[in-house]
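query.cif (mmCIF, C-alpha atoms)
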data_query
loop_
_atom_site.group_PDB
_atom_site.id
_atom_site.type_symbol
_atom_site.label_atom_id
_atom_site.label_comp_id
_atom_site.auth_asym_id
_atom_site.auth_seq_id
_atom_site.Cartn_x
_atom_site.Cartn_y
_atom_site.Cartn_z
ATOM 1 C CA MET A 1 119.862 174.874 82.976
ATOM 2 C CA ARG A 2 116.803 176.877 82.014
ATOM 3 C CA LYS A 3 116.203 180.272 83.586
ATOM 4 C CA THR A 4 112.611 180.993 84.663
ATOM 5 C CA PRO A 5 111.206 184.291 83.418
ATOM 6 C CA SER A 6 110.507 186.918 86.052
ATOM 7 C CA LEU A 7 106.924 188.079 86.589
ATOM 8 C CA THR A 8 105.887 191.522 85.486
ATOM 9 C CA ASP A 9 103.701 193.847 87.539
ATOM 10 C CA GLN A 10 100.863 193.177 85.098
ATOM 11 C CA ASP A 11 101.144 189.366 85.685
ATOM 12 C CA ILE A 12 101.068 189.844 89.445
ATOM 13 C CA GLN A 13 97.995 192.090 89.229
ATOM 14 C CA LEU A 14 96.194 189.552 86.981
ATOM 15 C CA PHE A 15 96.888 186.821 89.534
ATOM 16 C CA ARG A 16 95.586 188.964 92.451
ATOM 17 C CA ASP A 17 92.411 189.805 90.494
ATOM 18 C CA ALA A 18 91.831 186.121 89.719
ATOM 19 C CA ILE A 19 92.022 185.043 93.381
ATOM 20 C CA SER A 20 90.380 188.109 94.931
ATOM 21 C CA GLY A 21 87.270 186.204 96.145
ATOM 22 C CA ALA A 22 89.177 183.196 97.502
ATOM 23 C CA ARG A 23 89.258 182.400 101.213
ATOM 24 C CA PRO A 24 91.254 179.859 103.189
ATOM 25 C CA MET A 25 89.848 176.343 103.581
ATOM 26 C CA ALA A 26 89.080 175.033 107.054
ATOM 27 C CA GLN A 27 91.430 172.318 108.309
ATOM 28 C CA ASP A 28 89.587 169.014 108.662
ATOM 29 C CA LYS A 29 91.911 167.821 111.459
ATOM 30 C CA ILE A 30 92.283 164.333 109.982
ATOM 31 C CA THR A 31 95.785 162.996 110.304
ATOM 32 C CA LEU A 32 96.672 160.261 107.904
ATOM 33 C CA THR A 33 98.660 157.345 109.245
ATOM 34 C CA PRO A 34 101.078 155.820 106.778
ATOM 35 C CA PRO A 35 100.276 152.217 105.837
ATOM 36 C CA ARG A 36 102.281 149.543 107.598
ATOM 37 C CA SER A 37 105.286 148.557 105.609
ATOM 38 C CA LYS A 38 105.248 145.078 104.137
ATOM 39 C CA LYS A 39 108.997 145.200 103.766
ATOM 40 C CA LYS A 40 110.600 142.176 105.359
ATOM 41 C CA SER A 41 113.195 143.040 107.922
ATOM 42 C CA ALA A 42 116.553 141.504 107.247
ATOM 43 C CA ILE A 43 118.053 139.464 110.044
ATOM 44 C CA LYS A 44 121.708 138.609 109.899
ATOM 45 C CA THR A 45 121.849 135.188 111.511
ATOM 46 C CA SER A 46 125.187 133.754 110.435
ATOM 47 C CA GLU A 47 127.450 135.823 112.654
ATOM 48 C CA SER A 48 125.560 135.559 115.935
ATOM 49 C CA GLN A 49 124.698 131.894 115.803
ATOM 50 C CA PRO A 50 126.465 129.300 117.930
ATOM 51 C CA ALA A 51 128.112 126.427 116.075
ATOM 52 C CA ALA A 52 126.232 123.923 118.263
ATOM 53 C CA SER A 53 122.922 124.698 116.546
ATOM 54 C CA LEU A 54 124.284 123.205 113.290
ATOM 55 C CA PHE A 55 124.564 119.854 115.045
ATOM 56 C CA TYR A 56 120.973 119.039 114.188
ATOM 57 C CA PHE A 57 121.390 119.157 110.429
ATOM 58 C CA SER A 58 122.828 116.178 108.646
ATOM 59 C CA ASP A 59 122.857 116.096 104.860
ATOM 60 C CA GLU A 60 122.849 112.294 104.887
ATOM 61 C CA TYR A 61 119.585 111.985 106.842
ATOM 62 C CA GLU A 62 116.471 111.747 104.682
ATOM 63 C CA GLY A 63 113.520 111.469 107.028
ATOM 64 C CA TYR A 64 111.173 113.159 104.599
ATOM 65 C CA GLN A 65 110.569 111.949 101.061
ATOM 66 C CA PHE A 66 109.838 114.945 98.840
ATOM 67 C CA ASP A 67 107.495 114.041 95.968
ATOM 68 C CA GLY A 68 107.273 117.520 94.454
ATOM 69 C CA GLY A 69 103.783 118.255 95.804
ATOM 70 C CA THR A 70 102.548 119.619 99.095
ATOM 71 C CA VAL A 71 104.986 119.307 101.974
ATOM 72 C CA SER A 72 103.491 118.493 105.368
ATOM 73 C CA TYR A 73 104.974 117.216 108.642
ATOM 74 C CA VAL A 74 103.886 116.997 112.277
ATOM 75 C CA GLN A 75 106.347 115.892 114.934
ATOM 76 C CA PRO A 76 105.305 112.654 116.670
ATOM 77 C CA GLY A 77 103.345 113.420 119.832
ATOM 78 C CA GLU A 78 101.992 116.748 118.514
ATOM 79 C CA ASP A 79 98.412 117.486 117.472
ATOM 80 C CA LEU A 80 97.879 116.190 113.920
ATOM 81 C CA HIS A 81 95.768 119.258 113.083
ATOM 82 C CA LEU A 82 98.785 121.570 113.310
ATOM 83 C CA ALA A 83 99.674 121.006 109.651
ATOM 84 C CA LYS A 84 96.095 121.772 108.607
ATOM 85 C CA ASN A 85 96.148 124.959 110.677
ATOM 86 C CA LEU A 86 99.397 126.022 108.996
ATOM 87 C CA LYS A 87 97.882 125.263 105.588
ATOM 88 C CA ARG A 88 94.893 127.491 106.358
ATOM 89 C CA GLY A 89 97.159 130.338 107.442
ATOM 90 C CA GLU A 90 95.941 130.339 111.060
ATOM 91 C CA PHE A 91 99.501 131.008 112.212
ATOM 92 C CA GLN A 92 101.220 134.192 111.039
ATOM 93 C CA PRO A 93 105.006 134.033 110.762
ATOM 94 C CA GLY A 94 106.911 136.485 112.908
ATOM 95 C CA VAL A 95 109.951 136.308 110.640
ATOM 96 C CA VAL A 96 110.675 135.364 107.018
ATOM 97 C CA LEU A 97 113.916 133.766 105.849
ATOM 98 C CA ASP A 98 114.611 133.948 102.112
ATOM 99 C CA LEU A 99 117.106 131.332 100.930
ATOM 100 C CA HIS A 100 117.018 132.292 97.230
ATOM 101 C CA GLY A 101 120.448 132.249 95.660
ATOM 102 C CA LEU A 102 122.215 130.641 98.636
ATOM 103 C CA SER A 103 124.343 127.538 98.393
ATOM 104 C CA GLN A 104 123.273 124.455 100.304
ATOM 105 C CA HIS A 105 125.933 125.091 102.941
ATOM 106 C CA ASP A 106 124.931 128.750 103.417
ATOM 107 C CA ALA A 107 121.224 127.858 103.463
ATOM 108 C CA LYS A 108 121.847 125.325 106.226
ATOM 109 C CA HIS A 109 123.681 127.948 108.316
ATOM 110 C CA GLU A 110 120.956 130.545 107.766
ATOM 111 C CA LEU A 111 118.206 128.057 108.671
ATOM 112 C CA ALA A 112 120.021 127.100 111.877
ATOM 113 C CA GLY A 113 120.411 130.790 112.675
ATOM 114 C CA LEU A 114 116.711 131.400 112.034
ATOM 115 C CA LEU A 115 115.668 128.623 114.416
ATOM 116 C CA ASP A 116 118.058 129.970 117.045
ATOM 117 C CA TYR A 117 116.708 133.510 116.533
ATOM 118 C CA CYS A 118 113.114 132.287 116.915
ATOM 119 C CA GLN A 119 114.042 130.653 120.233
ATOM 120 C CA GLN A 120 115.672 133.844 121.516
ATOM 121 C CA GLU A 121 112.766 136.056 120.431
ATOM 122 C CA HIS A 122 110.053 133.567 121.511
ATOM 123 C CA LEU A 123 108.595 133.353 117.997
ATOM 124 C CA ASN A 124 106.452 130.300 117.362
ATOM 125 C CA CYS A 125 106.013 130.599 113.592
ATOM 126 C CA ALA A 126 108.426 131.366 110.766
ATOM 127 C CA CYS A 127 108.302 131.317 106.990
ATOM 128 C CA VAL A 128 111.203 129.756 105.099
ATOM 129 C CA VAL A 129 111.281 130.701 101.413
ATOM 130 C CA HIS A 130 113.413 128.137 99.598
ATOM 131 C CA GLY A 131 112.132 128.835 96.079
ATOM 132 C CA LYS A 132 111.416 126.319 93.362
ATOM 133 C CA GLY A 133 114.468 126.449 91.081
ATOM 134 C CA SER A 134 116.242 123.131 90.714
ATOM 135 C CA GLY A 135 114.483 121.779 93.804
ATOM 136 C CA LEU A 136 117.640 121.103 95.798
ATOM 137 C CA LEU A 137 116.674 123.341 98.727
ATOM 138 C CA ALA A 138 113.039 122.253 98.427
ATOM 139 C CA ARG A 139 114.226 118.694 99.167
ATOM 140 C CA ARG A 140 116.842 119.583 101.797
ATOM 141 C CA VAL A 141 114.963 122.093 103.960
ATOM 142 C CA PRO A 142 112.231 119.639 105.142
ATOM 143 C CA ASN A 143 114.899 117.047 106.025
ATOM 144 C CA TRP A 144 116.839 119.631 108.029
ATOM 145 C CA LEU A 145 113.705 120.836 109.814
ATOM 146 C CA ILE A 146 112.694 117.307 110.845
ATOM 147 C CA GLN A 147 116.044 116.913 112.618
ATOM 148 C CA HIS A 148 115.594 119.968 114.831
ATOM 149 C CA PRO A 149 113.942 119.205 118.220
ATOM 150 C CA ASN A 150 112.100 122.555 118.382
ATOM 151 C CA VAL A 151 110.185 122.078 115.128
ATOM 152 C CA ARG A 152 106.627 121.032 115.920
ATOM 153 C CA ALA A 153 105.232 121.036 112.378
ATOM 154 C CA PHE A 154 105.614 122.536 108.926
ATOM 155 C CA HIS A 155 103.496 122.782 105.819
ATOM 156 C CA THR A 156 103.652 124.275 102.343
ATOM 157 C CA ALA A 157 102.895 127.961 102.821
ATOM 158 C CA PRO A 158 99.587 129.541 101.768
ATOM 159 C CA THR A 159 99.645 131.460 98.482
ATOM 160 C CA HIS A 160 100.330 134.872 100.038
ATOM 161 C CA TRP A 161 103.476 133.548 101.761
ATOM 162 C CA GLY A 162 104.995 131.808 98.744
ATOM 163 C CA ARG A 163 102.981 128.620 98.125
ATOM 164 C CA ASP A 164 105.176 125.847 96.662
ATOM 165 C CA GLY A 165 108.369 127.850 97.121
ATOM 166 C CA ALA A 166 107.995 128.307 100.890
ATOM 167 C CA LEU A 167 107.235 126.513 104.152
ATOM 168 C CA LEU A 168 105.478 127.754 107.266
ATOM 169 C CA VAL A 169 107.246 126.302 110.287
ATOM 170 C CA LEU A 170 105.659 125.993 113.732
ATOM 171 C CA LEU A 171 108.155 125.967 116.585
ATOM 172 C CA LYS A 172 108.261 125.218 120.270
ATOM 173 C CA THR A 173 108.904 128.305 122.337
ATOM 174 C CA PRO A 174 110.754 128.306 125.663
ATOM 175 C CA ASP A 175 107.538 129.147 127.556
ATOM 176 C CA LYS A 176 105.642 126.184 126.001
#
Exercise: express the given structure as structure tokens:
Amino acid sequence: MRKTPSLTDQDIQLFRDAISGARPMAQDKITLTPPRSKKKSAIKTSESQPAASLFYFSDEYEGYQFDGGTVSYVQPGEDLHLAKNLKRGEFQPGVVLDLHGLSQHDAKHELAGLLDYCQQEHLNCACVVHGKGSGLLARRVPNWLIQHPNVRAFHTAPTHWGRDGALLVLLKTPDK
């Protein structure tokens, strides 16, 4: 550890002479607000979720054929423009679920928990980040979402939400 040298009387006098004409600056009274954090809040869904919400997800059901391109789905009876609106980013997700690194089983549980959480919190849009990787989750997630009765539509997310590695999901809310 380095010891700082002490100031001599001559050093102190030189400093006082140098700042002798200085005066305090006026306060401009502007308070800076910190920028909003873009950090995604983590939601632990596995522990609080009822087992009944997993009923909707069958691994055998393949209602959506994934061709590796843009993913788009609108539930029958819903407005066909919902997918286009999701594509344009007209809906902002209230929550983001990142499935990177999860097994298929864990991803299914987390997705069920997310949908349950959105119902409880009255959120109508969510972003599910499945990643690209081997493509297993990219194929499974749309098939799971189609099976859930509260999913109105989903589409490949806009670039700023993950593009080909994510889906924006539009949900029914209890008040709708």
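The residues caught by the PyMOL selection byres ((chain A and resi 122-138) around 7) in this file are Phe91, Gln92, Pro93, Gly94, Val95, Val96, Leu97, Asp98, Leu99, His100, Gln104, Cys118, Gln119, Gln120, Glu121, Arg139, Arg140, Val141, Gly162, Gly165, Ala166, Leu167, Leu168, Val169, Leu170, Leu171, Lys172, Thr173 and Pro174 of chain A.
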Any chance you can output those residues with C-alpha atoms as an mmCIF file, in the frame of the given file?
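Now in out-v1.cif:
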data_model
loop_
_atom_site.group_PDB
_atom_site.id
_atom_site.type_symbol
_atom_site.label_atom_id
_atom_site.label_comp_id
_atom_site.auth_asym_id
_atom_site.auth_seq_id
_atom_site.Cartn_x
_atom_site.Cartn_y
_atom_site.Cartn_z
ATOM 1 C CA PHE A 91 99.501 131.008 112.212
ATOM 2 C CA GLN A 92 101.220 134.192 111.039
ATOM 3 C CA PRO A 93 105.006 134.033 110.762
ATOM 4 C CA GLY A 94 106.911 136.485 112.908
ATOM 5 C CA VAL A 95 109.951 136.308 110.640
ATOM 6 C CA VAL A 96 110.675 135.364 107.018
ATOM 7 C CA LEU A 97 113.916 133.766 105.849
ATOM 8 C CA ASP A 98 114.611 133.948 102.112
ATOM 9 C CA LEU A 99 117.106 131.332 100.930
ATOM 10 C CA HIS A 100 117.018 132.292 97.230
ATOM 11 C CA GLN A 104 123.273 124.455 100.304
ATOM 12 C CA CYS A 118 113.114 132.287 116.915
ATOM 13 C CA GLN A 119 114.042 130.653 120.233
ATOM 14 C CA GLN A 120 115.672 133.844 121.516
ATOM 15 C CA GLU A 121 112.766 136.056 120.431
ATOM 16 C CA ARG A 139 114.226 118.694 99.167
ATOM 17 C CA ARG A 140 116.842 119.583 101.797
ATOM 18 C CA VAL A 141 114.963 122.093 103.960
ATOM 19 C CA GLY A 162 104.995 131.808 98.744
ATOM 20 C CA GLY A 165 108.369 127.850 97.121
ATOM 21 C CA ALA A 166 107.995 128.307 100.890
ATOM 22 C CA LEU A 167 107.235 126.513 104.152
ATOM 23 C CA LEU A 168 105.478 127.754 107.266
ATOM 24 C CA VAL A 169 107.246 126.302 110.287
ATOM 25 C CA LEU A 170 105.659 125.993 113.732
ATOM 26 C CA LEU A 171 108.155 125.967 116.585
ATOM 27 C CA LYS A 172 108.261 125.218 120.270
ATOM 28 C CA THR A 173 108.904 128.305 122.337
ATOM 29 C CA PRO A 174 110.754 128.306 125.663
#
ask   = So which residues are close to (105.0, 120.7, 114.4), meaning at most 7 Å away in the file's coordinates with all atoms listed in the file counted, and can you show them as an NGL selection string?
value = :A and (73-75 or 78 or 82 or 151-154 or 170-171)
If you keep C-alpha atoms, can you produce a file of those selected residues as a short mmCIF file (atom, residue, chain, number, x, y, z; two decimals), in the frame of the given file?
data_model
loop_
_atom_site.label_atom_id
_atom_site.label_comp_id
_atom_site.auth_asym_id
_atom_site.auth_seq_id
_atom_site.Cartn_x
_atom_site.Cartn_y
_atom_site.Cartn_z
CA TYR A 73 104.97 117.22 108.64
CA VAL A 74 103.89 117.00 112.28
CA GLN A 75 106.35 115.89 114.93
CA GLU A 78 101.99 116.75 118.51
CA LEU A 82 98.78 121.57 113.31
CA VAL A 151 110.18 122.08 115.13
CA ARG A 152 106.63 121.03 115.92
CA ALA A 153 105.23 121.04 112.38
CA PHE A 154 105.61 122.54 108.93
CA LEU A 170 105.66 125.99 113.73
CA LEU A 171 108.16 125.97 116.58
#
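Taking only C-alpha atoms into account, A:Ile146 lies nearest to A:Pro76 out of the set A:Thr70, A:Pro76, A:Glu110, A:Lys84.
Atom CA of A:Pro149 is positioned 18.5 Å from atom CA of A:Leu86.
Of the residues under consideration (A:Leu7, A:Ala157, A:Ala22, A:Ile12), A:Ala157 shows the shortest atom-to-atom contact distance to A:Arg88 when counting all atoms listed in the file.
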All file atoms of stretch 73-89 of chain A boxed axis-aligned, 4 Å per side, centre plus edges, as JSON:
{"center_x": 100.6, "center_y": 121.5, "center_z": 112.7, "size_x": 19.5, "size_y": 25.7, "size_z": 22.2}
Coordinates-based distance that separates atom CA of A:Leu80 from atom CA of A:Asn150 (Å, one decimal) = 16.2 Å
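For the set A:Lys87, A:Leu102, A:Pro142, A:Tyr117, the residue with the smallest atom-to-atom gap to A:Thr159 is A:Lys87, counting only C-alpha atoms.
You will find atom CA of A:Gly21 at 22.1 Å from atom CA of A:Thr8.
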query = Written as a PyMOL selection string, what is the full residue list that the PyMOL selection byres ((chain A and resi 108) around 9) yields on the file shown?
reply = chain A and resi 54+57+103-107+109-113+140-141+144
